[in-house]
Amino acid sequence: MPLREVRNRSLSDQVFDQLSTEIMNGTYAFGTSLPAERMLATVFKVNRHVVREALKRLEQVGLVRIAQGGGTRVLDPWEHAGLDLLALMAERPRSVEDAKQLWLSVLEMRACIGADA
C-alpha cells in the first residue's frame, strides 16, 4: 500500500497555524501582547492545554516570548527567528520586498556554505 497524506491535524497545530499567520500578517503588532490563554481557548473553542502547546511552539520558532504571569508578547520574526522559522516566513512575507530580501538572503547563505564545503 503506498503512503498517503495524513489529513487529520492536531488542534494545537491548527491553533499554531492561525496564530502564526496572524502574527506574520501584522494583525498582532510586534511588541504587543496576545490575548490571554483563557480568552484564546474560548475563541478557538479548545481547552487551555491546546492553546498552551501552540503558544510554546510559537515561542520555539521565535514569534512570541512567554512570561509567567506577564502575558505573551509578540516578537519581530525578522529579528528573533532562527532557521526553523525560515519556511514559515517564506510562506507569509509581509510584502513583496520582504519576500525578495528573504530569498536573496537564502541564496547568499547557500553561496557561503557552498564555498566552505
# chains A, B, ... in the order shown; residues from 1 in each chain; ligands from 1
>>> select_by_dssp(residues="segment 42-101 of chain A", states="strand (DSSP E)", output="list in words")
Val64, Arg65, Ile66, Ala67, Gly71, Thr72, Arg73 and Val74 of chain A
>>> residues_around(residues="Ala67 of chain A", least_positions_apart="5", cutoff="12 Å", atoms="only C-alpha atoms", output="PyMOL selection string")
chain A and resi 33-34+36+55-56+59+72-74
>>> write_last_selection(atoms="C-alpha atoms", output="mmCIF file, in the first residue's frame")
data_model
loop_
_atom_site.group_PDB
_atom_site.id
_atom_site.type_symbol
_atom_site.label_atom_id
_atom_site.label_comp_id
_atom_site.auth_asym_id
_atom_site.auth_seq_id
_atom_site.Cartn_x
_atom_site.Cartn_y
_atom_site.Cartn_z
ATOM 1 C CA SER A 33 0.565 41.090 23.832
ATOM 2 C CA LEU A 34 -1.563 38.242 22.577
ATOM 3 C CA ALA A 36 -4.727 35.592 27.488
ATOM 4 C CA LEU A 55 1.993 29.102 22.281
ATOM 5 C CA LYS A 56 5.059 27.059 23.244
ATOM 6 C CA GLU A 59 7.925 30.635 21.308
ATOM 7 C CA THR A 72 2.658 36.526 25.761
ATOM 8 C CA ARG A 73 4.478 39.253 23.860
ATOM 9 C CA VAL A 74 4.774 39.210 20.061
#
>>> select_by_dssp(residues="chain A", states="helix (DSSP H, G or I)", output="MDAnalysis selection string")
chainID A and resid 11:25 37:44 48:60 77:80 83:91 96:116
>>> atom_distance(atom1="atom CA of Gly82 of chain A", atom2="atom CA of Val61 of chain A")
6.8 Å
>>> closest_residue(among="A:Ser95, A:Gln60, A:Ser12, A:Asp84", to="Val46 of chain A", atoms="only C-alpha atoms")
A:Ser12
>>> residues_around(residues="Glu79 of chain A", least_positions_apart="6", cutoff="12 Å", atoms="only C-alpha atoms", output="list in words")
Phe30, Val61, Gly62, Leu63, Val64, Leu85 and Met89 of chain A
>>> atom_distance(atom1="atom CA of Met109 of chain A", atom2="atom CA of Phe16 of chain A")
27.9 Å
>>> closest_residue(among="A:Ala90, A:Thr32, A:Ala54, A:Leu102", to="Gln18 of chain A", atoms="only C-alpha atoms")
A:Ala54
>>> closest_residue(among="A:Asp116, A:Leu3, A:Arg65, A:Trp78", to="Gln101 of chain A", atoms="only C-alpha atoms")
A:Trp78
>>> residues_around(residues="segment 47-50 of chain A", least_positions_apart="2", cutoff="10 Å", atoms="only C-alpha atoms", output="list of chain:residue names")
A:Ser10, A:Leu11, A:Ser12, A:Asp13, A:Gln14, A:Val15, A:Phe16, A:Ala36, A:Glu37, A:Arg38, A:Met39, A:Leu40, A:Ala41, A:Thr42, A:Phe44, A:Lys45, A:Arg52, A:Glu53, A:Ala54, A:Leu55
>>> write_last_selection(atoms="C-alpha atoms", output="mmCIF file, in the first residue's frame")
data_model
loop_
_atom_site.group_PDB
_atom_site.id
_atom_site.type_symbol
_atom_site.label_atom_id
_atom_site.label_comp_id
_atom_site.auth_asym_id
_atom_site.auth_seq_id
_atom_site.Cartn_x
_atom_site.Cartn_y
_atom_site.Cartn_z
ATOM 1 C CA SER A 10 -3.981 18.155 15.888
ATOM 2 C CA LEU A 11 -5.873 21.035 17.441
ATOM 3 C CA SER A 12 -2.634 22.640 18.628
ATOM 4 C CA ASP A 13 -1.299 22.581 15.041
ATOM 5 C CA GLN A 14 -4.425 24.362 13.854
ATOM 6 C CA VAL A 15 -4.174 26.984 16.619
ATOM 7 C CA PHE A 16 -0.452 27.425 15.866
ATOM 8 C CA ALA A 36 -4.727 35.592 27.488
ATOM 9 C CA GLU A 37 -4.755 31.786 27.232
ATOM 10 C CA ARG A 38 -8.260 31.675 28.660
ATOM 11 C CA MET A 39 -9.541 34.108 26.019
ATOM 12 C CA LEU A 40 -7.789 32.228 23.187
ATOM 13 C CA ALA A 41 -9.246 28.952 24.424
ATOM 14 C CA THR A 42 -12.711 30.498 24.309
ATOM 15 C CA PHE A 44 -10.809 28.688 19.382
ATOM 16 C CA LYS A 45 -13.273 26.549 21.395
ATOM 17 C CA ARG A 52 -0.563 26.446 25.767
ATOM 18 C CA GLU A 53 1.006 23.865 23.442
ATOM 19 C CA ALA A 54 0.503 26.133 20.412
ATOM 20 C CA LEU A 55 1.993 29.102 22.281
#
>>> closest_residue(among="A:Arg94, A:His80, A:Arg57, A:Arg7", to="Thr27 of chain A", atoms="only C-alpha atoms")
A:Arg94
>>> closest_residue(among="A:Ile113, A:Trp103, A:Asp17, A:Tyr28", to="Val51 of chain A", atoms="only C-alpha atoms")
A:Asp17
>>> closest_residue(among="A:Leu86, A:Leu19, A:Ala29, A:Met24", to="Ser105 of chain A", atoms="only C-alpha atoms")
A:Leu86
